[in-house]
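These notes concern the structure reproduced below.
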Amino acid sequence: MSVFSEAFDWLSTSTNWHGPDGVPHRVLEHLGYTALTVVIASAIAIPLGLWIGHTGRLRGLAIAVTGALRALPTLGLLTLVVLWRGIGLTPPIAALVVLAIPPLLAGAYAGVESVDRRTVDAARGIGMTEWQVLTRVEVPLSLSLLLGGLRSAVLQVVATATVAAYIGLGGLGRYLLDGIAVRDYPQMLGGSLVVVVLALLLDGAFALLQRLSPT
Amino acid sequence: MKLNRTLGVLSAAALALSLAACGGDPTDTSSGSDSGSTSSSKSIVVGSAAFGESEILAEVYAQALKAKGVDASTKLDIGAREAYIGAIKDGTIDLIPEYTGNLLLYFDQNATATAPADVESALQGALPDGLAVLDPAPGEDKDSLNVTSEFAQKNGVASIADLAKIKGLKVAANPEFKTRAYGLPGMDKIYGIKDVSFTAISDGGGPATLKALTSGQVDVADIYSTTPSITQNKLVTLEDPKNLIAAQNVVPLIRDDAQSDEVKSTLAAVSEKLTTDALLELNTAFAADSKPTAADVAKDWLQKNGLV
């Protein structure tokens with residue numbers, strides 16, 4: 001029997017869908033880590049990106065820093081935070097936030113920059129304050145790119161949140177690490193397939209959202 | 001280095017000759033005993049698995065043999081057990097440092113022996129024809145349960161059995177510890193330790209596991225018994241009087257046709273000195289900031305123990 005058919009057997013075994021080790025519970029944990037990460041990363045990256053896009057300041061620095069952040073290996077960063085703070089929720093969330101910041105930041109500043117300068121000038125011309133220019137003109141017009149950044153961040157985080165299991169947390173990474181520890185390849189592949197499906201579903205939802213957004 | 005290479009070529013040539021001499025049926029025992037009688041002049045290739053301790057031990061074997069005038073060379077870093085067992089079976093290598101418990105499980109997946117003597121005798125019975133193990137060393141590299149010295153003092157803990165009295169014990173180990181016989185099931189069955197809160201950390205007793213232990217987030221951590229961090233952090237390795245964790249004594253695995261009295265007595269003298277503390281010492285020296293080679297570490301240790 002191939003590993004694939006064994007993986008489907010694993011997925012269709014009802015005991016794998018119940019209790020704290022069951023797929024629904026692991027998916028919820030996984031989505032929880034993803035949501036927490038994206039909320040924290042958005043709170044940092046979106047205001048910063050909007051400010052950079054609006055003022056045009058520190059743009060070079062932002063590009064350099066986010067480029068460097070992208071190059072950091074998530075598992076290495078997680079281990080580093082463990083050595084500093086010990087095990088728990090902090091290390092994986094911190095490592096995933098670093099992963100999510102670059103696309104969110106890029107989406108925000110590129111979005112604001114993409115707004116036609118004549119529109120912004122016109123907004124100033126009719127007497128809008130800088131805050132009004134940002135919130136009533138630039139943000140609404142850059143929504144599509146902002147959403148694109150969010151979509152990219154969510155996709156990366158949901159696919160990488162498996163690292164949480166490395167230090168004993170839950171999520172779908174449990175199936176990968178518990179599986180490889182006892183060479184239970186069907187469990188590993190089954191868990192991987194759930195991650196893939198989850199990522200595709202989220203991506204599809206964002207695609208729909210982007211299509212419905214005004215620009 | 002150049003000498004090593006020359007030796008390698010020489011031994012490969014000698015090996016080719018001896019293989020050619022065997023010819024025909026490789027299971028023909030008469031030709032096997034034939035080369036056995038001339039084995040005092042036979043060159044020996046010492047192999048190693050792809051990790052530091054195995055490479056150091058292979059160097060220890062090879063240098064000790066060379067010091068006794070045996071023509072020995074090394075072929076290090078061969079890979080996992082599947083790869084080097086194949087190499088010793090086909091004669092690419094003649095000798096390799098092994099571990100009794102894991103070697104037994106490789107040849108007999110259903111083996112249940114855990115005490116050192118039981119494992120050794122089971123291993124003798126499980127080895128395929130043409131291979132033998134010599135006397136095992138007292139030193140073992142295996143899973144071991146460790147606590148901090150503060151925890152040991154505060155709770156009066158020196159053995160795994162003492163953990164049974166602690167309520168809500170927190171243990172960190174690799175994920176397989178949850179299901180394997182030497183892990184949580186065995187702690188309950190053999191020592192009556194129940195209600196353990198388990199944290200799976202997938203770094204093989206590495207830095208994250210160590211940090212969880214030293215920061216007090218867990219009480220007990222599974223760390224391999226010859227890891228330098230045990231001594232560096234003054235951890236207390238708990239004794240295992242009922243052999244929960246299977247013995248993993250270091251043992252020379254050797255081809256029958258490579259055994260001579262000289263080889264056997266030399267390796268016996270080496271094994272006698274290879275305690276778990278000696279393994280720890282070798283690994284600690286190998287991990288030093290000056291990044292010594294396995295050969296240097298082996299040489300220093302052999303000299304210190306009067307074996308070369």
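Scheme for the structure tokens: letters A, B, ... for chains in order shown; per-chain residue numbers from 1; ligand numbers from 1 in order shown.
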>> Select, as a PyMOL selection string, those residues of chain B with any atom no more than 7 Å from chain A (distances computed using only C-alpha atoms).
In response: chain B and resi 175-176+199-202+208+211-212+215
>> Give me, as a list in words, all polymer residues having an atom no more than 8 Å from Gly139 (chain B), counting only C-alpha atoms and skipping those fewer than 2 positions away in the same chain.
In response: Ala137, Asp141, Asn249, Val250, Leu274, Thr275, Thr276, Asp277, Ala278 and Leu279 of chain B
Using N, CA, C and O atoms, can you export the residues from the last selection as a PDB file, in the first residue's frame?
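Wrote again_1.pdb, looks like this:
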```
ATOM      1  N   ALA B 137      32.221  -1.834  26.380  1.00  0.00           N
ATOM      2  CA  ALA B 137      32.774  -0.892  27.347  1.00  0.00           C
ATOM      3  C   ALA B 137      31.716  -0.613  28.410  1.00  0.00           C
ATOM      4  O   ALA B 137      30.523  -0.791  28.163  1.00  0.00           O
ATOM      5  N   ASP B 141      25.986   5.570  25.787  1.00  0.00           N
ATOM      6  CA  ASP B 141      25.377   6.786  25.261  1.00  0.00           C
ATOM      7  C   ASP B 141      23.927   6.458  25.007  1.00  0.00           C
ATOM      8  O   ASP B 141      23.594   5.770  24.055  1.00  0.00           O
ATOM      9  N   ASN B 249      25.733   0.173  25.736  1.00  0.00           N
ATOM     10  CA  ASN B 249      27.177   0.183  25.945  1.00  0.00           C
ATOM     11  C   ASN B 249      27.905   0.282  24.617  1.00  0.00           C
ATOM     12  O   ASN B 249      27.499  -0.337  23.632  1.00  0.00           O
ATOM     13  N   VAL B 250      28.988   1.053  24.628  1.00  0.00           N
ATOM     14  CA  VAL B 250      29.835   1.138  23.433  1.00  0.00           C
ATOM     15  C   VAL B 250      30.506  -0.212  23.236  1.00  0.00           C
ATOM     16  O   VAL B 250      31.027  -0.800  24.187  1.00  0.00           O
ATOM     17  N   LEU B 274      36.716   3.052  28.590  1.00  0.00           N
ATOM     18  CA  LEU B 274      35.647   3.882  28.026  1.00  0.00           C
ATOM     19  C   LEU B 274      34.411   3.856  28.924  1.00  0.00           C
ATOM     20  O   LEU B 274      33.435   3.169  28.652  1.00  0.00           O
ATOM     21  N   THR B 275      34.467   4.634  29.987  1.00  0.00           N
ATOM     22  CA  THR B 275      33.289   4.771  30.850  1.00  0.00           C
ATOM     23  C   THR B 275      32.398   5.876  30.283  1.00  0.00           C
ATOM     24  O   THR B 275      32.797   6.589  29.362  1.00  0.00           O
ATOM     25  N   THR B 276      31.190   6.026  30.837  1.00  0.00           N
ATOM     26  CA  THR B 276      30.319   7.114  30.403  1.00  0.00           C
ATOM     27  C   THR B 276      31.001   8.459  30.648  1.00  0.00           C
ATOM     28  O   THR B 276      30.907   9.375  29.828  1.00  0.00           O
ATOM     29  N   ASP B 277      31.714   8.571  31.772  1.00  0.00           N
ATOM     30  CA  ASP B 277      32.455   9.807  32.042  1.00  0.00           C
ATOM     31  C   ASP B 277      33.519  10.065  30.977  1.00  0.00           C
ATOM     32  O   ASP B 277      33.737  11.206  30.570  1.00  0.00           O
ATOM     33  N   ALA B 278      34.175   8.979  30.537  1.00  0.00           N
ATOM     34  CA  ALA B 278      35.194   9.140  29.489  1.00  0.00           C
ATOM     35  C   ALA B 278      34.544   9.614  28.191  1.00  0.00           C
ATOM     36  O   ALA B 278      35.088  10.472  27.480  1.00  0.00           O
ATOM     37  N   LEU B 279      33.364   9.067  27.868  1.00  0.00           N
ATOM     38  CA  LEU B 279      32.656   9.504  26.649  1.00  0.00           C
ATOM     39  C   LEU B 279      32.287  10.976  26.756  1.00  0.00           C
ATOM     40  O   LEU B 279      32.409  11.744  25.795  1.00  0.00           O
TER      41      LEU B 279
END
```
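Closest approach to Gln153 (chain B) from the set B:Gly47, B:Lys178, B:Leu235, B:Gly69 is made by B:Leu235, with distances taken over only C-alpha atoms.
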>> Can you pull out the residues contacting Ala58 (chain B)? Cut-off 8 Å, using only C-alpha atoms, and skip same-chain residues under 2 positions away; I want them as a ChimeraX atom specification.
In response: /B:46-48,54-56,60-62,74,76,96-97
Serialized selection, all heavy atoms, as a JSON list (two decimals), in the first residue's frame:
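Output (again27.json):
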```json
[["chain", "number", "residue", "atom", "x", "y", "z"],
["B", 46, "VAL", "N", 38.69, 1.02, 9.96],
["B", 46, "VAL", "CA", 37.73, 1.34, 11.00],
["B", 46, "VAL", "C", 36.73, 2.35, 10.45],
["B", 46, "VAL", "O", 37.12, 3.41, 9.97],
["B", 46, "VAL", "CB", 38.43, 1.94, 12.24],
["B", 46, "VAL", "CG1", 37.44, 2.07, 13.39],
["B", 46, "VAL", "CG2", 39.62, 1.10, 12.65],
["B", 47, "GLY", "N", 35.45, 2.01, 10.49],
["B", 47, "GLY", "CA", 34.42, 2.92, 10.00],
["B", 47, "GLY", "C", 33.78, 3.69, 11.14],
["B", 47, "GLY", "O", 34.04, 3.40, 12.32],
["B", 48, "SER", "N", 32.96, 4.68, 10.79],
["B", 48, "SER", "CA", 32.19, 5.36, 11.83],
["B", 48, "SER", "C", 30.86, 5.83, 11.25],
["B", 48, "SER", "O", 30.72, 6.01, 10.05],
["B", 48, "SER", "CB", 32.95, 6.56, 12.40],
["B", 48, "SER", "OG", 32.68, 7.72, 11.65],
["B", 54, "SER", "N", 30.86, 8.90, 17.33],
["B", 54, "SER", "CA", 31.25, 7.71, 16.59],
["B", 54, "SER", "C", 32.58, 7.92, 15.88],
["B", 54, "SER", "O", 33.43, 7.01, 15.84],
["B", 54, "SER", "CB", 30.15, 7.37, 15.57],
["B", 54, "SER", "OG", 30.45, 6.19, 14.88],
["B", 55, "GLU", "N", 32.78, 9.12, 15.35],
["B", 55, "GLU", "CA", 34.04, 9.43, 14.68],
["B", 55, "GLU", "C", 35.20, 9.42, 15.67],
["B", 55, "GLU", "O", 36.28, 8.87, 15.38],
["B", 55, "GLU", "CB", 33.96, 10.79, 13.98],
["B", 55, "GLU", "CG", 33.03, 10.76, 12.77],
["B", 55, "GLU", "CD", 32.75, 12.14, 12.21],
["B", 55, "GLU", "OE1", 33.59, 13.05, 12.38],
["B", 55, "GLU", "OE2", 31.67, 12.32, 11.63],
["B", 56, "ILE", "N", 34.99, 10.00, 16.86],
["B", 56, "ILE", "CA", 36.05, 10.01, 17.88],
["B", 56, "ILE", "C", 36.40, 8.57, 18.26],
["B", 56, "ILE", "O", 37.58, 8.20, 18.32],
["B", 56, "ILE", "CB", 35.59, 10.77, 19.13],
["B", 56, "ILE", "CG1", 35.27, 12.23, 18.80],
["B", 56, "ILE", "CG2", 36.68, 10.73, 20.21],
["B", 56, "ILE", "CD1", 34.56, 12.96, 19.92],
["B", 60, "VAL", "N", 39.82, 6.52, 18.08],
["B", 60, "VAL", "CA", 40.41, 5.88, 19.26],
["B", 60, "VAL", "C", 40.81, 4.44, 18.92],
["B", 60, "VAL", "O", 41.94, 4.01, 19.17],
["B", 60, "VAL", "CB", 39.42, 5.91, 20.45],
["B", 60, "VAL", "CG1", 39.88, 4.96, 21.56],
["B", 60, "VAL", "CG2", 39.30, 7.33, 21.01],
["B", 61, "TYR", "N", 39.90, 3.70, 18.31],
["B", 61, "TYR", "CA", 40.19, 2.31, 17.93],
["B", 61, "TYR", "C", 41.40, 2.26, 16.98],
["B", 61, "TYR", "O", 42.34, 1.50, 17.18],
["B", 61, "TYR", "CB", 39.00, 1.66, 17.23],
["B", 61, "TYR", "CG", 37.81, 1.32, 18.11],
["B", 61, "TYR", "CD1", 36.61, 0.90, 17.53],
["B", 61, "TYR", "CD2", 37.88, 1.41, 19.50],
["B", 61, "TYR", "CE1", 35.51, 0.59, 18.32],
["B", 61, "TYR", "CE2", 36.78, 1.11, 20.29],
["B", 61, "TYR", "CZ", 35.59, 0.70, 19.70],
["B", 61, "TYR", "OH", 34.51, 0.39, 20.46],
["B", 62, "ALA", "N", 41.33, 3.08, 15.92],
["B", 62, "ALA", "CA", 42.36, 3.01, 14.87],
["B", 62, "ALA", "C", 43.74, 3.37, 15.41],
["B", 62, "ALA", "O", 44.72, 2.68, 15.13],
["B", 62, "ALA", "CB", 41.98, 3.94, 13.71],
["B", 74, "THR", "N", 41.16, 4.65, 8.74],
["B", 74, "THR", "CA", 39.77, 4.98, 9.06],
["B", 74, "THR", "C", 38.98, 5.35, 7.81],
["B", 74, "THR", "O", 39.55, 5.80, 6.82],
["B", 74, "THR", "CB", 39.69, 6.19, 10.03],
["B", 74, "THR", "OG1", 40.41, 7.27, 9.45],
["B", 74, "THR", "CG2", 40.26, 5.85, 11.38],
["B", 76, "LEU", "N", 35.65, 7.40, 7.88],
["B", 76, "LEU", "CA", 34.69, 8.00, 8.80],
["B", 76, "LEU", "C", 33.43, 8.50, 8.10],
["B", 76, "LEU", "O", 33.38, 8.59, 6.87],
["B", 76, "LEU", "CB", 35.35, 9.16, 9.55],
["B", 76, "LEU", "CG", 36.63, 8.82, 10.32],
["B", 76, "LEU", "CD1", 37.16, 10.03, 11.05],
["B", 76, "LEU", "CD2", 36.39, 7.67, 11.29],
["B", 96, "ILE", "N", 33.77, -1.17, 13.60],
["B", 96, "ILE", "CA", 33.08, 0.10, 13.82],
["B", 96, "ILE", "C", 32.60, 0.16, 15.26],
["B", 96, "ILE", "O", 32.17, -0.87, 15.81],
["B", 96, "ILE", "CB", 31.91, 0.28, 12.81],
["B", 96, "ILE", "CG1", 31.32, 1.70, 12.90],
["B", 96, "ILE", "CG2", 30.83, -0.78, 13.00],
["B", 96, "ILE", "CD1", 30.46, 2.09, 11.72],
["B", 97, "PRO", "N", 32.69, 1.32, 15.90],
["B", 97, "PRO", "CA", 32.12, 1.43, 17.25],
["B", 97, "PRO", "C", 30.60, 1.39, 17.18],
["B", 97, "PRO", "O", 30.01, 2.08, 16.34],
["B", 97, "PRO", "CB", 32.63, 2.78, 17.74],
["B", 97, "PRO", "CG", 32.99, 3.56, 16.52],
["B", 97, "PRO", "CD", 33.35, 2.57, 15.47]]
```
> Which residue out of B:Asn102, B:Gln109, B:Gln63, B:Thr266 has the minimum interatomic distance to Arg81 (chain B) when only C-alpha atoms are used?
Replying inline: B:Asn102
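Minimum atom-to-atom distance to Ala287 (chain B), evaluated using only C-alpha atoms, belongs to B:Gly52 out of B:Gly52, B:Asn233, B:Lys66, B:Val263.
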> So which one's closest to Ala106 (chain A), A:Thr162, A:Ser42, A:Ser213, A:Thr55? Using only C-alpha atoms, please.
Replying inline: A:Ser42
>> Please return, as a ChimeraX atom specification, all residues of region 71-181 of chain B that DSSP assigns to alpha helix (DSSP H) on the basis of the backbone.
In response: /B:81-89,100-107,116-126,149-155
Could you dump the residues just selected with N, CA and C atoms as a JSON list (two decimals), in the first residue's frame?
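Okay, again.json is ready:
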```json
[["chain", "number", "residue", "atom", "x", "y", "z"],
["B", 81, "ARG", "N", 22.89, 3.68, 10.32],
["B", 81, "ARG", "CA", 23.19, 2.27, 10.58],
["B", 81, "ARG", "C", 22.98, 1.40, 9.34],
["B", 82, "GLU", "N", 21.92, 1.66, 8.59],
["B", 82, "GLU", "CA", 21.67, 0.86, 7.38],
["B", 82, "GLU", "C", 22.89, 0.88, 6.47],
["B", 83, "ALA", "N", 23.52, 2.06, 6.35],
["B", 83, "ALA", "CA", 24.66, 2.22, 5.44],
["B", 83, "ALA", "C", 25.90, 1.51, 5.96],
["B", 84, "TYR", "N", 26.26, 1.71, 7.24],
["B", 84, "TYR", "CA", 27.53, 1.14, 7.67],
["B", 84, "TYR", "C", 27.45, -0.35, 7.99],
["B", 85, "ILE", "N", 26.26, -0.84, 8.32],
["B", 85, "ILE", "CA", 26.15, -2.30, 8.51],
["B", 85, "ILE", "C", 26.37, -2.98, 7.16],
["B", 86, "GLY", "N", 25.84, -2.35, 6.10],
["B", 86, "GLY", "CA", 26.10, -2.87, 4.75],
["B", 86, "GLY", "C", 27.58, -2.87, 4.44],
["B", 87, "ALA", "N", 28.26, -1.79, 4.84],
["B", 87, "ALA", "CA", 29.69, -1.66, 4.55],
["B", 87, "ALA", "C", 30.52, -2.69, 5.31],
["B", 88, "ILE", "N", 30.12, -3.02, 6.53],
["B", 88, "ILE", "CA", 30.91, -4.01, 7.29],
["B", 88, "ILE", "C", 30.58, -5.42, 6.79],
["B", 89, "LYS", "N", 29.36, -5.62, 6.33],
["B", 89, "LYS", "CA", 29.00, -6.95, 5.80],
["B", 89, "LYS", "C", 29.77, -7.24, 4.52],
["B", 100, "THR", "N", 25.25, -1.31, 22.10],
["B", 100, "THR", "CA", 24.62, -2.64, 22.23],
["B", 100, "THR", "C", 23.11, -2.62, 21.98],
["B", 101, "GLY", "N", 22.39, -1.74, 22.67],
["B", 101, "GLY", "CA", 20.93, -1.75, 22.60],
["B", 101, "GLY", "C", 20.41, -1.48, 21.20],
["B", 102, "ASN", "N", 20.92, -0.42, 20.56],
["B", 102, "ASN", "CA", 20.43, -0.07, 19.23],
["B", 102, "ASN", "C", 20.85, -1.10, 18.19],
["B", 103, "LEU", "N", 22.03, -1.68, 18.37],
["B", 103, "LEU", "CA", 22.48, -2.70, 17.42],
["B", 103, "LEU", "C", 21.58, -3.94, 17.54],
["B", 104, "LEU", "N", 21.22, -4.27, 18.77],
["B", 104, "LEU", "CA", 20.32, -5.41, 18.98],
["B", 104, "LEU", "C", 18.98, -5.15, 18.30],
["B", 105, "LEU", "N", 18.44, -3.94, 18.49],
["B", 105, "LEU", "CA", 17.14, -3.62, 17.88],
["B", 105, "LEU", "C", 17.22, -3.62, 16.36],
["B", 106, "TYR", "N", 18.40, -3.30, 15.82],
["B", 106, "TYR", "CA", 18.56, -3.31, 14.36],
["B", 106, "TYR", "C", 18.41, -4.73, 13.83],
["B", 107, "PHE", "N", 19.01, -5.70, 14.55],
["B", 107, "PHE", "CA", 18.95, -7.08, 14.07],
["B", 107, "PHE", "C", 17.71, -7.82, 14.57],
["B", 116, "PRO", "N", 22.15, -4.35, 30.95],
["B", 116, "PRO", "CA", 23.35, -4.46, 30.11],
["B", 116, "PRO", "C", 23.72, -5.89, 29.74],
["B", 117, "ALA", "N", 23.74, -6.81, 30.72],
["B", 117, "ALA", "CA", 24.16, -8.19, 30.42],
["B", 117, "ALA", "C", 23.16, -8.89, 29.52],
["B", 118, "ASP", "N", 21.86, -8.65, 29.76],
["B", 118, "ASP", "CA", 20.82, -9.27, 28.93],
["B", 118, "ASP", "C", 20.93, -8.79, 27.49],
["B", 119, "VAL", "N", 21.15, -7.48, 27.34],
["B", 119, "VAL", "CA", 21.26, -6.92, 25.99],
["B", 119, "VAL", "C", 22.44, -7.54, 25.28],
["B", 120, "GLU", "N", 23.55, -7.67, 25.99],
["B", 120, "GLU", "CA", 24.75, -8.20, 25.35],
["B", 120, "GLU", "C", 24.54, -9.64, 24.89],
["B", 121, "SER", "N", 23.95, -10.47, 25.77],
["B", 121, "SER", "CA", 23.79, -11.87, 25.37],
["B", 121, "SER", "C", 22.77, -11.99, 24.23],
["B", 122, "ALA", "N", 21.71, -11.17, 24.30],
["B", 122, "ALA", "CA", 20.74, -11.20, 23.20],
["B", 122, "ALA", "C", 21.40, -10.78, 21.89],
["B", 123, "LEU", "N", 22.30, -9.78, 22.00],
["B", 123, "LEU", "CA", 22.98, -9.28, 20.81],
["B", 123, "LEU", "C", 23.87, -10.37, 20.21],
["B", 124, "GLN", "N", 24.59, -11.11, 21.07],
["B", 124, "GLN", "CA", 25.45, -12.19, 20.56],
["B", 124, "GLN", "C", 24.64, -13.17, 19.73],
["B", 125, "GLY", "N", 23.39, -13.43, 20.19],
["B", 125, "GLY", "CA", 22.54, -14.38, 19.46],
["B", 125, "GLY", "C", 21.94, -13.80, 18.19],
["B", 126, "ALA", "N", 21.83, -12.48, 18.13],
["B", 126, "ALA", "CA", 21.12, -11.87, 16.99],
["B", 126, "ALA", "C", 22.04, -11.50, 15.83],
["B", 149, "SER", "N", 20.61, 20.27, 39.81],
["B", 149, "SER", "CA", 21.09, 19.87, 41.13],
["B", 149, "SER", "C", 20.23, 20.48, 42.24],
["B", 150, "GLU", "N", 19.66, 21.68, 42.00],
["B", 150, "GLU", "CA", 18.76, 22.27, 43.00],
["B", 150, "GLU", "C", 17.53, 21.39, 43.21],
["B", 151, "PHE", "N", 16.95, 20.96, 42.08],
["B", 151, "PHE", "CA", 15.75, 20.12, 42.16],
["B", 151, "PHE", "C", 16.07, 18.82, 42.89],
["B", 152, "ALA", "N", 17.23, 18.23, 42.57],
["B", 152, "ALA", "CA", 17.60, 16.96, 43.19],
["B", 152, "ALA", "C", 17.73, 17.12, 44.70],
["B", 153, "GLN", "N", 18.35, 18.24, 45.12],
["B", 153, "GLN", "CA", 18.54, 18.47, 46.55],
["B", 153, "GLN", "C", 17.22, 18.73, 47.26],
["B", 154, "LYS", "N", 16.45, 19.62, 46.67],
["B", 154, "LYS", "CA", 15.20, 20.05, 47.30],
["B", 154, "LYS", "C", 14.23, 18.88, 47.48],
["B", 155, "ASN", "N", 14.19, 17.99, 46.48],
["B", 155, "ASN", "CA", 13.22, 16.90, 46.52],
["B", 155, "ASN", "C", 13.83, 15.55, 46.90]]
```
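Among the candidate residues A:Ile126, A:His18, A:Arg57, A:Ala100, the one lying nearest to Ile40 (chain A) is A:Ala100, with distances computed using only C-alpha atoms.
If you look at CA of Phe206 (chain A) and CA of Trp131 (chain A), they are 27.9 Å away from each other.
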>> Please return, as a ChimeraX atom specification, all residues of region 6-234 of chain B that DSSP assigns to strand (DSSP E) on the basis of the backbone.
In response: /B:44-47,72-75,95-99,131-133,143-147,170-173,197-200,220-224
>> Excluding Ser142 (chain A) and its own-chain neighbours fewer than 3 positions away, which residues fall within 12 Å of it when counting only C-alpha atoms? Please give them as a ChimeraX atom specification.
In response: /A:46,49-50,53-54,106-116,134-139,145-149,210,213-215
What would the file look like if the residues just selected were written as a compact mmCIF listing (two decimals), in the first residue's frame with N, CA, C and O atoms?
```txt
# COMPACT_ATOMS: atom_id res chain seq x y z
N ILE A 46 1.27 47.57 9.69
CA ILE A 46 0.36 48.37 8.86
C ILE A 46 0.48 49.87 9.17
O ILE A 46 0.67 50.68 8.25
N GLY A 49 3.76 51.00 7.78
CA GLY A 49 3.77 51.02 6.32
C GLY A 49 2.97 52.20 5.77
O GLY A 49 3.39 52.84 4.80
N LEU A 50 1.84 52.49 6.41
CA LEU A 50 1.02 53.63 5.96
C LEU A 50 1.80 54.93 6.14
O LEU A 50 1.80 55.80 5.28
N GLY A 53 4.49 55.11 3.51
CA GLY A 53 3.90 55.40 2.20
C GLY A 53 3.43 56.84 2.11
O GLY A 53 3.59 57.50 1.08
N HIS A 54 2.84 57.34 3.20
CA HIS A 54 2.27 58.69 3.20
C HIS A 54 3.36 59.75 3.16
O HIS A 54 3.27 60.72 2.42
N ALA A 106 5.17 45.82 3.22
CA ALA A 106 5.29 46.12 1.79
C ALA A 106 3.92 46.44 1.20
O ALA A 106 3.79 47.39 0.41
N GLY A 107 2.91 45.65 1.59
CA GLY A 107 1.55 45.90 1.08
C GLY A 107 1.08 47.30 1.46
O GLY A 107 0.48 48.01 0.65
N ALA A 108 1.37 47.71 2.70
CA ALA A 108 0.89 49.00 3.19
C ALA A 108 1.59 50.15 2.48
O ALA A 108 0.94 51.06 1.96
N TYR A 109 2.92 50.13 2.44
CA TYR A 109 3.56 51.32 1.84
C TYR A 109 3.44 51.34 0.32
O TYR A 109 3.26 52.39 -0.28
N ALA A 110 3.47 50.15 -0.29
CA ALA A 110 3.29 50.13 -1.74
C ALA A 110 1.88 50.56 -2.11
O ALA A 110 1.66 51.23 -3.13
N GLY A 111 0.90 50.18 -1.26
CA GLY A 111 -0.48 50.55 -1.52
C GLY A 111 -0.65 52.06 -1.53
O GLY A 111 -1.21 52.64 -2.47
N VAL A 112 -0.12 52.71 -0.48
CA VAL A 112 -0.27 54.17 -0.38
C VAL A 112 0.48 54.85 -1.52
O VAL A 112 0.00 55.81 -2.13
N GLU A 113 1.66 54.34 -1.84
CA GLU A 113 2.45 54.93 -2.92
C GLU A 113 1.76 54.81 -4.28
O GLU A 113 1.97 55.63 -5.17
N SER A 114 0.94 53.78 -4.42
CA SER A 114 0.32 53.53 -5.72
C SER A 114 -0.83 54.50 -6.01
O SER A 114 -1.32 54.56 -7.13
N VAL A 115 -1.26 55.22 -4.97
CA VAL A 115 -2.38 56.14 -5.17
C VAL A 115 -1.88 57.30 -6.05
O VAL A 115 -0.80 57.85 -5.82
N ASP A 116 -2.68 57.64 -7.04
CA ASP A 116 -2.32 58.71 -7.96
C ASP A 116 -2.03 60.01 -7.21
O ASP A 116 -2.84 60.47 -6.42
N LEU A 134 -4.96 60.70 4.47
CA LEU A 134 -4.57 59.31 4.66
C LEU A 134 -5.79 58.40 4.80
O LEU A 134 -5.92 57.40 4.09
N THR A 135 -6.71 58.75 5.73
CA THR A 135 -7.79 57.82 6.06
C THR A 135 -8.92 57.84 5.04
O THR A 135 -9.61 56.84 4.86
N ARG A 136 -9.14 58.96 4.35
CA ARG A 136 -10.29 59.01 3.45
C ARG A 136 -9.92 58.83 1.99
O ARG A 136 -10.76 58.55 1.16
N VAL A 137 -8.64 59.04 1.67
CA VAL A 137 -8.24 58.92 0.27
C VAL A 137 -7.25 57.77 0.06
O VAL A 137 -7.51 56.84 -0.67
N GLU A 138 -6.13 57.87 0.77
CA GLU A 138 -5.06 56.91 0.50
C GLU A 138 -5.41 55.49 0.93
O GLU A 138 -5.23 54.54 0.17
N VAL A 139 -5.91 55.33 2.18
CA VAL A 139 -6.22 53.97 2.64
C VAL A 139 -7.30 53.30 1.79
O VAL A 139 -7.12 52.17 1.32
N LEU A 145 -4.04 46.50 -2.45
CA LEU A 145 -2.66 46.09 -2.19
C LEU A 145 -2.46 45.72 -0.72
O LEU A 145 -1.72 44.80 -0.38
N LEU A 146 -3.14 46.46 0.17
CA LEU A 146 -3.09 46.13 1.60
C LEU A 146 -3.58 44.70 1.83
O LEU A 146 -2.96 43.91 2.55
N LEU A 147 -4.71 44.39 1.21
CA LEU A 147 -5.27 43.04 1.33
C LEU A 147 -4.32 42.00 0.75
O LEU A 147 -4.18 40.90 1.28
N GLY A 148 -3.64 42.39 -0.34
CA GLY A 148 -2.66 41.49 -0.94
C GLY A 148 -1.55 41.16 0.03
O GLY A 148 -1.13 40.01 0.16
N GLY A 149 -1.09 42.18 0.77
CA GLY A 149 -0.06 41.97 1.77
C GLY A 149 -0.54 41.06 2.89
O GLY A 149 0.15 40.14 3.33
N GLN A 210 -10.53 40.07 -2.10
CA GLN A 210 -9.87 41.06 -2.94
C GLN A 210 -10.72 41.43 -4.14
O GLN A 210 -10.74 42.56 -4.58
N SER A 213 -13.31 43.84 -3.06
CA SER A 213 -12.88 45.16 -2.57
C SER A 213 -12.97 46.18 -3.70
O SER A 213 -12.86 45.83 -4.87
N PRO A 214 -13.16 47.48 -3.34
CA PRO A 214 -13.56 48.50 -4.30
C PRO A 214 -12.62 48.68 -5.50
O PRO A 214 -13.11 48.94 -6.60
N THR A 215 -11.31 48.56 -5.31
CA THR A 215 -10.47 48.87 -6.48
C THR A 215 -10.12 47.67 -7.31
O THR A 215 -9.57 46.75 -6.91
```
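For Val158 (chain A), the non-local neighbours within 9 Å, defined as residues at least 2 positions apart in the same chain or in other chains and counting only C-alpha atoms, are His30, Leu31, Tyr33, Thr34, Ala35, Ala153, Val154, Leu155, Gln156, Thr160, Ala161, Thr162, Val195, Leu198, Ala199 and Leu202 of chain A.
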